[in-house]
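Novice: start10.cif (mmCIF, C-alpha atoms) pasted underneath:
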data_data
#
loop_
_atom_site.label_atom_id
_atom_site.label_comp_id
_atom_site.auth_asym_id
_atom_site.auth_seq_id
_atom_site.Cartn_x
_atom_site.Cartn_y
_atom_site.Cartn_z
CA MET A 1 16.23 -8.67 -28.44
CA GLN A 2 15.88 -6.94 -25.09
CA HIS A 3 13.83 -8.62 -22.39
CA ARG A 4 10.83 -6.39 -21.72
CA ILE A 5 9.87 -5.89 -18.07
CA VAL A 6 6.72 -3.90 -17.37
CA VAL A 7 5.87 -2.77 -13.84
CA LEU A 8 2.29 -1.70 -13.17
CA GLY A 9 1.88 0.85 -10.40
CA ALA A 10 4.42 3.24 -8.86
CA GLY A 11 3.47 3.06 -5.22
CA TYR A 12 5.98 1.89 -2.63
CA THR A 13 6.18 -1.64 -4.06
CA GLY A 14 6.09 -0.94 -7.79
CA ALA A 15 8.59 1.91 -7.62
CA THR A 16 10.91 -0.16 -5.42
CA ALA A 17 10.75 -3.15 -7.77
CA ALA A 18 11.42 -1.04 -10.87
CA GLY A 19 14.43 0.70 -9.37
CA ARG A 20 15.89 -2.52 -8.04
CA LEU A 21 15.47 -4.32 -11.36
CA ALA A 22 17.17 -1.50 -13.22
CA ARG A 23 20.11 -1.80 -10.85
CA ARG A 24 20.39 -5.58 -11.07
CA LEU A 25 20.21 -5.99 -14.85
CA HIS A 26 22.31 -4.69 -17.75
CA ARG A 27 20.60 -1.98 -19.79
CA GLU A 28 21.58 -3.56 -23.07
CA ASP A 29 19.67 -6.71 -22.14
CA VAL A 30 16.43 -5.40 -20.64
CA THR A 31 13.97 -2.54 -20.72
CA VAL A 32 12.12 -1.62 -17.53
CA THR A 33 8.91 0.35 -18.05
CA LEU A 34 7.06 1.73 -15.03
CA VAL A 35 3.39 2.54 -15.70
CA ASN A 36 1.49 4.82 -13.33
CA ALA A 37 -1.65 6.93 -13.61
CA GLU A 38 -0.22 9.86 -11.64
CA PRO A 39 2.97 11.76 -12.49
CA ASP A 40 4.23 11.78 -8.90
CA PHE A 41 5.10 9.27 -6.23
CA VAL A 42 2.37 9.41 -3.58
CA GLU A 43 3.29 8.86 0.07
CA ARG A 44 0.18 6.89 0.89
CA VAL A 45 1.12 6.49 4.54
CA ARG A 46 0.77 10.27 4.93
CA MET A 47 -2.71 10.76 3.45
CA HIS A 48 -4.17 11.61 6.86
CA GLN A 49 -1.75 14.54 6.91
CA VAL A 50 -2.89 15.69 3.48
CA ALA A 51 -6.49 15.52 4.68
CA THR A 52 -5.73 18.03 7.43
CA GLY A 53 -4.14 20.52 5.04
CA GLN A 54 -0.47 19.66 5.45
CA ARG A 55 1.68 20.04 2.34
CA LEU A 56 3.91 17.19 1.27
CA ARG A 57 6.95 17.36 -0.93
CA THR A 58 6.21 16.71 -4.62
CA ARG A 59 8.21 13.79 -6.02
CA PRO A 60 7.87 13.55 -9.84
CA LEU A 61 8.52 10.00 -11.02
CA THR A 62 10.54 11.18 -14.02
CA ALA A 63 12.92 12.99 -11.68
CA LEU A 64 13.13 10.07 -9.24
CA PHE A 65 14.13 7.64 -11.98
CA ASP A 66 16.25 9.98 -14.07
CA GLY A 67 19.45 8.21 -14.98
CA THR A 68 18.38 4.81 -13.63
CA GLY A 69 17.29 3.32 -16.94
CA VAL A 70 13.65 3.03 -15.84
CA GLN A 71 11.23 4.36 -18.46
CA VAL A 72 8.31 6.11 -16.75
CA ARG A 73 5.02 5.96 -18.60
CA GLN A 74 2.12 8.03 -17.25
CA ALA A 75 -0.99 6.10 -18.20
CA ARG A 76 -3.94 4.30 -16.67
CA VAL A 77 -4.00 0.52 -16.87
CA THR A 78 -7.32 -0.68 -18.30
CA GLY A 79 -6.58 -4.34 -18.92
CA VAL A 80 -4.06 -7.17 -18.75
CA ASP A 81 -4.01 -10.14 -21.13
CA VAL A 82 -1.75 -12.71 -19.50
CA ASP A 83 -2.12 -15.17 -22.39
CA ARG A 84 -0.99 -12.66 -25.02
CA ARG A 85 1.39 -10.95 -22.56
CA THR A 86 0.08 -7.47 -23.15
CA VAL A 87 -1.10 -4.58 -20.99
CA THR A 88 -3.71 -2.16 -22.27
CA VAL A 89 -3.23 1.44 -21.14
CA GLN A 90 -4.99 4.73 -21.66
CA ALA A 91 -3.35 8.15 -21.57
CA ALA A 92 -3.63 9.49 -18.03
CA HIS A 93 -4.87 12.88 -19.22
CA GLY A 94 -8.11 11.27 -20.38
CA GLY A 95 -7.55 10.80 -24.10
CA ASP A 96 -9.70 8.37 -26.04
CA GLY A 97 -6.86 6.35 -27.50
CA THR A 98 -5.57 3.14 -25.92
CA GLU A 99 -2.31 1.31 -26.48
CA GLU A 100 -1.00 -2.17 -25.86
CA LEU A 101 2.32 -2.66 -24.13
CA PRO A 102 3.88 -6.10 -24.72
CA TYR A 103 5.92 -7.68 -21.94
CA ASP A 104 8.13 -10.67 -21.29
CA THR A 105 7.93 -10.27 -17.52
CA LEU A 106 5.17 -8.40 -15.72
CA VAL A 107 5.34 -7.02 -12.18
CA TYR A 108 1.79 -6.36 -11.00
CA ALA A 109 1.79 -3.69 -8.27
CA LEU A 110 -1.54 -1.91 -8.72
CA GLY A 111 -2.21 -2.17 -5.01
CA SER A 112 -5.50 -1.43 -3.34
CA GLY A 113 -8.08 1.23 -2.65
CA TRP A 114 -10.67 1.81 0.01
CA ASP A 115 -13.35 -0.78 0.72
CA ASP A 116 -16.86 0.45 1.54
CA GLN A 117 -17.79 -3.19 2.35
CA GLY A 118 -21.16 -2.68 0.74
CA VAL A 119 -22.48 -0.58 3.60
CA PRO A 120 -25.45 1.46 2.29
CA GLY A 121 -24.54 5.09 1.68
CA ALA A 122 -20.82 4.69 2.35
CA ALA A 123 -19.74 5.07 -1.27
CA ALA A 124 -22.00 8.08 -1.79
CA HIS A 125 -21.48 9.98 1.45
CA ALA A 126 -18.25 8.87 3.14
CA HIS A 127 -14.72 10.14 2.48
CA GLU A 128 -11.71 7.89 1.89
CA ILE A 129 -8.02 8.57 2.46
CA ALA A 130 -6.59 5.58 0.62
CA SER A 131 -5.77 7.85 -2.32
CA ARG A 132 -4.45 11.37 -2.75
CA ALA A 133 -7.62 12.42 -4.57
CA GLY A 134 -9.71 11.20 -1.66
CA ALA A 135 -7.49 12.90 0.92
CA LEU A 136 -7.72 16.19 -1.00
CA ARG A 137 -11.52 15.97 -1.13
CA LEU A 138 -11.61 15.41 2.63
CA ARG A 139 -9.19 18.31 3.13
CA ASP A 140 -11.57 20.63 1.28
CA ARG A 141 -14.54 19.34 3.25
CA LEU A 142 -12.86 19.78 6.63
CA ALA A 143 -11.66 23.25 5.69
CA GLY A 144 -15.27 24.30 5.13
CA LEU A 145 -16.56 23.11 8.51
CA SER A 146 -17.29 25.51 11.32
CA ALA A 147 -16.62 25.04 15.02
CA GLY A 148 -18.64 22.37 16.78
CA GLN A 149 -19.65 20.40 13.71
CA PRO A 150 -19.41 16.60 14.05
CA VAL A 151 -16.90 14.43 12.20
CA VAL A 152 -16.99 10.63 12.47
CA VAL A 153 -14.12 8.30 11.55
CA VAL A 154 -15.33 4.73 10.95
CA GLY A 155 -12.75 2.02 11.55
CA GLY A 156 -10.59 1.35 14.59
CA GLY A 157 -7.51 -0.02 12.85
CA LEU A 158 -4.21 1.68 12.13
CA THR A 159 -5.60 3.98 9.44
CA GLY A 160 -8.61 4.99 11.52
CA VAL A 161 -6.52 5.73 14.60
CA GLU A 162 -4.06 7.84 12.62
CA ALA A 163 -6.86 9.71 10.85
CA VAL A 164 -8.92 10.51 13.92
CA THR A 165 -5.96 11.75 15.99
CA GLU A 166 -4.63 13.84 13.10
CA ILE A 167 -8.03 15.48 12.55
CA ALA A 168 -8.66 16.06 16.24
CA GLU A 169 -5.24 17.64 16.71
CA ALA A 170 -5.51 19.86 13.62
CA ARG A 171 -9.12 20.88 14.30
CA PRO A 172 -9.73 20.89 18.08
CA ASP A 173 -12.81 23.02 17.43
CA LEU A 174 -14.66 20.11 15.79
CA ALA A 175 -16.59 17.34 17.54
CA VAL A 176 -14.54 14.34 16.42
CA ALA A 177 -15.60 10.74 17.07
CA LEU A 178 -14.23 7.29 16.28
CA VAL A 179 -16.37 4.20 15.67
CA ALA A 180 -14.61 0.86 16.23
CA ARG A 181 -16.11 -2.57 15.70
CA GLY A 182 -13.96 -3.94 18.50
CA GLY A 183 -12.26 -2.34 21.48
CA LEU A 184 -10.01 0.67 21.05
CA GLY A 185 -6.57 -0.63 20.14
CA ASP A 186 -7.52 -4.21 20.93
CA TRP A 187 -4.62 -5.47 18.78
CA LEU A 188 -2.07 -3.64 20.95
CA SER A 189 -0.24 -4.58 24.12
CA ASP A 190 -1.54 -3.29 27.46
CA LYS A 191 0.97 -0.44 27.37
CA GLY A 192 0.02 0.41 23.81
CA ARG A 193 -3.70 0.47 24.59
CA ARG A 194 -3.19 2.67 27.63
CA HIS A 195 -1.18 5.18 25.65
CA LEU A 196 -3.64 5.23 22.78
CA ARG A 197 -6.50 5.84 25.20
CA LYS A 198 -4.58 8.63 26.89
CA VAL A 199 -3.88 10.41 23.60
CA VAL A 200 -7.41 9.99 22.25
CA ASP A 201 -8.96 11.26 25.48
CA GLY A 202 -6.51 14.18 25.58
CA LEU A 203 -7.57 15.21 22.09
CA GLY A 204 -11.23 15.14 23.06
CA VAL A 205 -12.18 12.29 20.71
CA THR A 206 -15.41 10.46 21.52
CA VAL A 207 -14.93 6.71 21.05
CA HIS A 208 -17.78 4.31 20.24
CA GLU A 209 -16.36 0.83 20.85
CA HIS A 210 -17.93 -2.49 19.83
CA THR A 211 -20.12 -0.62 17.38
CA THR A 212 -21.02 -1.62 13.82
CA VAL A 213 -21.99 0.97 11.24
CA THR A 214 -24.94 -0.15 9.10
CA GLY A 215 -25.50 2.94 6.97
CA VAL A 216 -24.18 6.39 6.10
CA GLU A 217 -26.15 9.49 5.18
CA ALA A 218 -24.97 13.01 4.40
CA ASP A 219 -25.51 14.15 7.97
CA ARG A 220 -25.38 11.00 10.09
CA VAL A 221 -24.12 7.47 10.61
CA HIS A 222 -26.47 4.59 11.48
CA THR A 223 -25.32 1.85 13.83
CA ALA A 224 -26.46 -1.72 14.46
CA GLY A 225 -27.59 -0.75 17.94
CA GLY A 226 -30.12 1.68 16.50
CA THR A 227 -28.19 4.79 17.50
CA ASP A 228 -27.63 7.52 14.92
CA LEU A 229 -24.40 9.51 15.21
CA PRO A 230 -24.47 13.02 13.72
CA SER A 231 -21.74 13.51 11.13
CA VAL A 232 -21.27 16.16 8.46
CA ALA A 233 -18.01 14.52 7.35
CA THR A 234 -17.70 10.75 7.65
CA VAL A 235 -14.26 9.22 7.07
CA TRP A 236 -14.27 5.54 6.05
CA THR A 237 -11.20 3.50 7.09
CA THR A 238 -12.51 -0.05 7.51
CA GLY A 239 -10.02 -1.75 5.22
CA PHE A 240 -8.73 -2.03 1.67
CA ALA A 241 -9.88 -3.75 -1.51
CA VAL A 242 -7.42 -4.76 -4.21
CA HIS A 243 -7.48 -3.26 -7.69
CA PRO A 244 -10.10 -5.17 -9.75
CA ILE A 245 -8.07 -5.78 -12.92
CA ALA A 246 -6.37 -8.99 -11.76
CA ARG A 247 -9.73 -10.63 -11.11
CA ALA A 248 -10.66 -10.08 -14.78
CA THR A 249 -7.59 -11.97 -16.02
CA ALA A 250 -6.74 -15.67 -16.26
CA LEU A 251 -4.42 -15.35 -13.27
CA GLU A 252 -5.17 -17.51 -10.25
CA VAL A 253 -6.58 -15.15 -7.63
CA THR A 254 -8.21 -15.43 -4.24
CA GLY A 255 -11.83 -14.62 -3.50
CA THR A 256 -10.73 -11.07 -2.69
CA GLY A 257 -8.90 -10.69 -6.01
CA GLN A 258 -5.33 -11.03 -4.74
CA ILE A 259 -2.91 -12.86 -7.03
CA VAL A 260 -1.71 -16.18 -5.60
CA VAL A 261 2.10 -16.25 -5.60
CA ASP A 262 4.93 -18.52 -4.49
CA ALA A 263 7.80 -17.64 -2.16
CA THR A 264 9.45 -15.50 -4.85
CA MET A 265 6.26 -13.50 -5.54
CA ARG A 266 5.77 -15.35 -8.83
CA SER A 267 2.23 -16.16 -9.96
CA VAL A 268 1.48 -19.86 -9.42
CA SER A 269 -0.53 -19.95 -12.65
CA HIS A 270 1.52 -17.69 -14.97
CA PRO A 271 5.30 -17.80 -14.34
CA ASP A 272 5.98 -14.64 -16.34
CA VAL A 273 3.89 -12.59 -13.89
CA TYR A 274 4.98 -11.43 -10.44
CA ALA A 275 2.72 -9.70 -7.92
CA VAL A 276 3.88 -7.54 -5.02
CA GLY A 277 2.36 -5.55 -2.18
CA ASP A 278 -1.38 -5.48 -1.57
CA ALA A 279 -2.06 -7.14 -4.93
CA ALA A 280 -0.45 -10.42 -3.85
CA LEU A 281 -1.48 -13.16 -1.49
CA ALA A 282 1.94 -13.67 0.05
CA LEU A 283 2.59 -15.81 3.10
CA GLY A 284 4.73 -14.77 6.04
CA PRO A 285 5.86 -16.62 9.16
CA GLY A 286 3.65 -19.57 10.04
CA ASP A 287 2.12 -19.43 6.54
CA LYS A 288 0.04 -16.51 7.69
CA PRO A 289 -1.02 -14.10 4.89
CA LEU A 290 0.80 -10.79 5.05
CA ARG A 291 -1.41 -7.84 5.87
CA MET A 292 -1.83 -4.99 3.41
CA SER A 293 0.80 -2.48 4.45
CA CYS A 294 3.99 -0.74 3.41
CA ALA A 295 5.83 -2.89 5.95
CA SER A 296 4.76 -6.02 4.06
CA GLY A 297 4.87 -4.63 0.55
CA THR A 298 8.42 -3.32 0.30
CA PRO A 299 10.07 -6.65 1.20
CA THR A 300 7.89 -8.43 -1.38
CA ALA A 301 9.13 -5.96 -4.00
CA TRP A 302 12.75 -6.74 -3.05
CA GLN A 303 12.03 -10.45 -3.27
CA ALA A 304 10.33 -10.24 -6.67
CA ALA A 305 12.98 -8.01 -8.24
CA ASP A 306 15.84 -10.14 -7.01
CA ALA A 307 14.11 -13.35 -8.13
CA ILE A 308 13.46 -11.97 -11.62
CA ALA A 309 17.06 -10.85 -11.93
CA ALA A 310 18.35 -14.19 -10.65
CA ARG A 311 16.27 -16.21 -13.10
CA LEU A 312 17.26 -14.05 -16.04
CA THR A 313 20.95 -14.06 -15.24
CA GLY A 314 21.33 -17.66 -14.10
CA ARG A 315 22.24 -16.74 -10.55
CA GLY A 316 21.01 -18.36 -7.34
CA LEU A 317 17.51 -17.54 -6.21
CA PRO A 318 17.32 -15.32 -3.11
CA HIS A 319 14.92 -16.12 -0.34
CA VAL A 320 14.64 -13.75 2.59
CA PRO A 321 11.57 -14.51 4.73
CA VAL A 322 9.28 -11.53 5.18
CA ARG A 323 8.64 -10.85 8.85
CA TYR A 324 7.37 -8.04 11.06
CA PHE A 325 9.23 -6.11 13.74
CA ASN A 326 6.87 -3.34 14.84
CA GLN A 327 3.77 -1.34 14.01
CA CYS A 328 4.44 2.38 13.68
CA VAL A 329 1.44 4.58 14.47
CA SER A 330 1.33 8.37 14.31
CA LEU A 331 -1.09 9.97 16.76
CA GLY A 332 -0.98 13.50 15.43
CA ARG A 333 2.25 15.44 14.97
CA ARG A 334 3.37 15.35 18.59
CA GLU A 335 2.48 11.82 19.73
CA GLY A 336 3.16 8.35 18.41
CA LEU A 337 3.13 4.68 19.25
CA ILE A 338 5.63 2.01 18.20
CA GLN A 339 4.18 -1.37 19.06
CA TYR A 340 6.75 -4.15 18.90
CA VAL A 341 5.43 -7.43 17.49
CA THR A 342 6.38 -11.03 16.83
CA ALA A 343 7.51 -12.17 13.38
CA ASP A 344 3.88 -12.93 12.51
CA ASP A 345 2.62 -9.52 13.69
CA ARG A 346 1.29 -10.26 17.19
CA ALA A 347 1.84 -7.58 19.82
CA VAL A 348 4.39 -8.23 22.55
CA ASN A 349 4.58 -6.50 25.89
CA ALA A 350 6.87 -3.73 24.68
CA ALA A 351 6.03 -0.38 23.11
CA LEU A 352 7.62 3.01 22.53
CA THR A 353 5.35 5.99 23.16
CA GLY A 354 5.19 9.76 23.20
CA ARG A 355 7.31 12.27 21.34
CA THR A 356 10.09 9.76 20.76
CA ALA A 357 7.65 7.41 19.03
CA ALA A 358 6.37 10.27 16.87
CA LEU A 359 9.93 11.04 15.75
CA TYR A 360 10.52 7.34 15.10
CA LYS A 361 7.43 7.12 12.89
CA GLU A 362 8.46 10.25 11.01
CA LEU A 363 11.89 8.75 10.39
CA VAL A 364 10.29 5.56 9.04
CA CYS A 365 8.10 7.55 6.64
CA LYS A 366 11.04 9.61 5.42
CA ALA A 367 13.18 6.51 4.99
CA ALA A 368 10.50 4.82 2.89
CA ALA A 369 10.24 7.83 0.56
CA TRP A 370 14.02 8.23 0.50
CA GLY A 371 14.36 4.62 -0.62
CA ILE A 372 12.11 5.33 -3.59
CA ALA A 373 14.14 8.42 -4.48
CA HIS A 374 17.42 6.45 -4.28
CA PRO A 375 16.54 3.07 -5.80
CA THR A 376 20.11 2.15 -6.63
CA LEU A 377 21.90 2.95 -3.38
CA GLY A 378 23.29 0.00 -1.49
CA LEU A 379 22.99 -2.47 -4.38
CA PRO A 380 25.87 -3.93 -6.39
CA THR A 381 27.32 -1.52 -8.92
CA ARG A 382 27.76 -4.31 -11.49
CA ARG A 383 24.68 -5.05 -13.57
CA HIS A 384 24.49 -8.68 -14.60
CA ARG A 385 23.92 -9.89 -18.15
CA VAL A 386 20.84 -11.86 -19.13
CA VAL A 387 21.79 -15.45 -19.93
CA ARG A 388 18.45 -17.21 -19.58
CA PRO A 389 15.26 -17.12 -21.65
CA ALA A 390 12.11 -15.42 -20.41
CA PRO A 391 10.70 -16.98 -17.20
CA ALA A 392 7.72 -18.51 -19.02
CA ALA A 393 10.04 -20.49 -21.26
CA ALA A 394 11.77 -21.92 -18.20
CA GLY A 395 8.66 -22.53 -16.16
CA ALA A 396 9.48 -26.08 -15.11
CA ALA A 397 13.02 -25.16 -14.12
CA GLY A 398 11.76 -22.10 -12.29
CA ALA A 399 9.36 -24.22 -10.27
CA ALA A 400 12.22 -26.52 -9.32
CA ASP A 401 14.31 -23.52 -8.30
CA VAL A 402 11.53 -22.35 -5.98
CA ARG A 403 11.32 -25.73 -4.30
CA ALA A 404 15.07 -25.82 -3.87
CA SER A 405 15.12 -22.38 -2.26
CA ALA A 406 12.30 -23.05 0.21
#
I'd like the structure from this file rewritten - as structure tokens, please.

Specialist:
Amino acid sequence: MQHRIVVLGAGYTGATAAGRLARRLHREDVTVTLVNAEPDFVERVRMHQVATGQRLRTRPLTALFDGTGVQVRQARVTGVDVDRRTVTVQAAHGGDGTEELPYDTLVYALGSGWDDQGVPGAAAHAHEIASRAGALRLRDRLAGLSAGQPVVVVGGGLTGVEAVTEIAEARPDLAVALVARGGLGDWLSDKGRRHLRKVVDGLGVTVHEHTTVTGVEADRVHTAGGTDLPSVATVWTTGFAVHPIARATALEVTGTGQIVVDATMRSVSHPDVYAVGDAALALGPGDKPLRMSCASGTPTAWQAADAIAARLTGRGLPHVPVRYFNQCVSLGRREGLIQYVTADDRAVNAALTGRTAALYKELVCKAAAWGIAHPTLGLPTRRHRVVRPAPAAAGAAGAADVRASA
């Protein structure tokens, strides 16, 4: 009987894991099913571009995985039963019927969405760009605004900085502002902060530093200092919240709902489940949790896929530590910032700026999408045969393997 591998979510991590597994394992021995609610691969790192009306290339999942052996299933995941090893899905087009998909190994890659952090009015009145649907709604809203109307981006992290510069560049006729709880670019090096300030000022963005938003209305943003900022389109970029399904299972999760995994991305409570990307609490250098990002997620997908293949085929477990090299920030289409960092993601006194940095960031985005479209390139041409039982049946041995590889 074929070993059934089900991958939930076809973002950067899920799609990468599915393609890599199909390349590592013999088709006669396994089935790899990739479940995703949307028919296309979504370049999440470009949603700020979608919000300003830029068109992205459509990448249908069926075309991306044609000939790889990966079975693409368009459906919405509504539940996971880790004791019965089943996934409940509903047809993505909104049908009433549900279906159970059995699995022997599950790769959980449902990722994250925006987090309104419980701020009153944020869910009702603010726009998010963590999803394509949200970015399209913001695009329509911005397109309907007239010159001089105020737009406020809440959140001074990477997503907020990219969003506010993209909007200000695309719509210089609007009054664009950024609200940051800390200082502008306070995670950057001195050179990085200076360049960010230069670009933001050049685009005419008003920056409210060390400011906390306490409420959102249709036409304004309330702050802890008592100041109201006018805003007819508020963009919320204060962080991400993981998909809620894992929390409803018997999996061991953190207080935020992330699945607790070992060094091979394997659930510490259910050895037949692997979690990758934003859905997993994975540790990087210095046992520091990896931040939610494409830079973190893709290496976790490599690690999980290779570990699954190794356990099933009786080969040695891989262990490549996940580390950071830089933070790539687009500041509109003509400017960028590449902040070099330590292995555990702390800024060093080196940064690439300007047009060169913008081209660098564009290359990184294209490379990430290209890797999804070519999941088999660069991997061994020989698929290995399954010689071991399902991971759950070899749980004790698997745990010993993890300790040996650490």

Novice: Where does the PyMOL selection byres ((chain A and resi 41-53) around 9) land in this file, that is, which residues does it pick, as a PyMOL selection string?

Specialist: chain A and resi 10-12+15+38-40+54-56+58-61+64+129-132+134-140+142-143+159+162-164+166-167+170-171+293-294+332+365+368-369+372

Novice: Would you write out, as a short mmCIF file (atom, residue, chain, number, x, y, z; two decimals) with C-alpha atoms, in the coordinates of the input, every residue that the PyMOL selection byres ((chain A and resi 355) around 9) captures in this file?

Specialist:
data_model
loop_
_atom_site.label_atom_id
_atom_site.label_comp_id
_atom_site.auth_asym_id
_atom_site.auth_seq_id
_atom_site.Cartn_x
_atom_site.Cartn_y
_atom_site.Cartn_z
CA ARG A 333 2.25 15.44 14.97
CA ARG A 334 3.37 15.35 18.59
CA GLU A 335 2.48 11.82 19.73
CA GLY A 336 3.16 8.35 18.41
CA LEU A 337 3.13 4.68 19.25
CA THR A 353 5.35 5.99 23.16
CA GLY A 354 5.19 9.76 23.20
CA THR A 356 10.09 9.76 20.76
CA ALA A 357 7.65 7.41 19.03
CA ALA A 358 6.37 10.27 16.87
CA LEU A 359 9.93 11.04 15.75
CA TYR A 360 10.52 7.34 15.10
#

Novice: What is the distance, in Å and to one decimal place, between atom CA of A:Ala275 and atom CA of A:Ala109?

Specialist: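 One can read the atom CA of A:Ala275 to atom CA of A:Ala109 distance as 6.1 Å.
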
Novice: Using Å and a single decimal, report how far atom CA of A:Phe240 sits from atom CA of A:Asp81.

Specialist: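 Atom CA of A:Phe240 lies at a distance of 24.7 Å from atom CA of A:Asp81.
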
Novice: Which polymer residues have any atom within 7 Å of an atom of stretch 252-257 of chain A, counting all atoms listed in the file, with same-chain residues fewer than 6 positions away left out, as a VMD selection string?

Specialist: chain A and resid 242 244 246 269

Novice: Restricting the calculation to only C-alpha atoms, which member of A:Arg385, A:Arg220, A:Arg291, A:Arg315 is positioned closest to A:Leu158?

Specialist: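 The shortest atom-to-atom distance to A:Leu158 comes from A:Arg291.
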
Novice: Counting only C-alpha atoms, which residue out of A:Val216, A:Leu145, A:Leu251, A:Val261 sits closest to A:Val276?

Specialist: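 The closest residue to A:Val276 is A:Val261.
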
Novice: Could you tell me which of A:Ala295, A:Val35, A:Ala233, A:Leu25 comes closest to A:Cys328 if we count all atoms listed in the file?

Specialist: A:Ala295

Novice: What would stretch 4-20 of chain A look like with N, CA and C atoms restored, written as a compact mmCIF listing (two decimals), in the frame of the given file?

Specialist:
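To be explicit, this is the file written out as result-v6.txt:
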# COMPACT_ATOMS: atom_id res chain seq x y z
N ARG A 4 11.71 -7.49 -22.09
CA ARG A 4 10.83 -6.39 -21.72
C ARG A 4 10.17 -6.65 -20.36
N ILE A 5 10.49 -5.81 -19.40
CA ILE A 5 9.87 -5.89 -18.07
C ILE A 5 8.95 -4.69 -17.91
N VAL A 6 7.70 -4.96 -17.60
CA VAL A 6 6.72 -3.90 -17.37
C VAL A 6 6.26 -3.98 -15.93
N VAL A 7 6.31 -2.86 -15.23
CA VAL A 7 5.87 -2.77 -13.84
C VAL A 7 4.63 -1.90 -13.80
N LEU A 8 3.55 -2.44 -13.25
CA LEU A 8 2.29 -1.70 -13.17
C LEU A 8 2.10 -1.14 -11.78
N GLY A 9 2.09 0.20 -11.67
CA GLY A 9 1.88 0.85 -10.40
C GLY A 9 3.18 1.35 -9.80
N ALA A 10 3.21 2.63 -9.42
CA ALA A 10 4.42 3.24 -8.86
C ALA A 10 4.20 3.68 -7.43
N GLY A 11 3.52 2.82 -6.66
CA GLY A 11 3.47 3.06 -5.22
C GLY A 11 4.78 2.58 -4.60
N TYR A 12 4.75 2.32 -3.30
CA TYR A 12 5.98 1.89 -2.63
C TYR A 12 6.55 0.62 -3.27
N THR A 13 5.68 -0.36 -3.57
CA THR A 13 6.18 -1.64 -4.06
C THR A 13 6.60 -1.58 -5.52
N GLY A 14 5.76 -1.00 -6.37
CA GLY A 14 6.09 -0.94 -7.79
C GLY A 14 7.34 -0.11 -8.06
N ALA A 15 7.43 1.04 -7.43
CA ALA A 15 8.59 1.91 -7.62
C ALA A 15 9.87 1.23 -7.10
N THR A 16 9.75 0.55 -5.97
CA THR A 16 10.91 -0.16 -5.42
C THR A 16 11.36 -1.26 -6.36
N ALA A 17 10.41 -2.04 -6.87
CA ALA A 17 10.75 -3.15 -7.77
C ALA A 17 11.41 -2.64 -9.04
N ALA A 18 10.87 -1.58 -9.62
CA ALA A 18 11.42 -1.04 -10.87
C ALA A 18 12.86 -0.56 -10.68
N GLY A 19 13.09 0.20 -9.62
CA GLY A 19 14.43 0.70 -9.37
C GLY A 19 15.43 -0.41 -9.09
N ARG A 20 15.00 -1.41 -8.37
CA ARG A 20 15.89 -2.52 -8.04
C ARG A 20 16.23 -3.36 -9.28
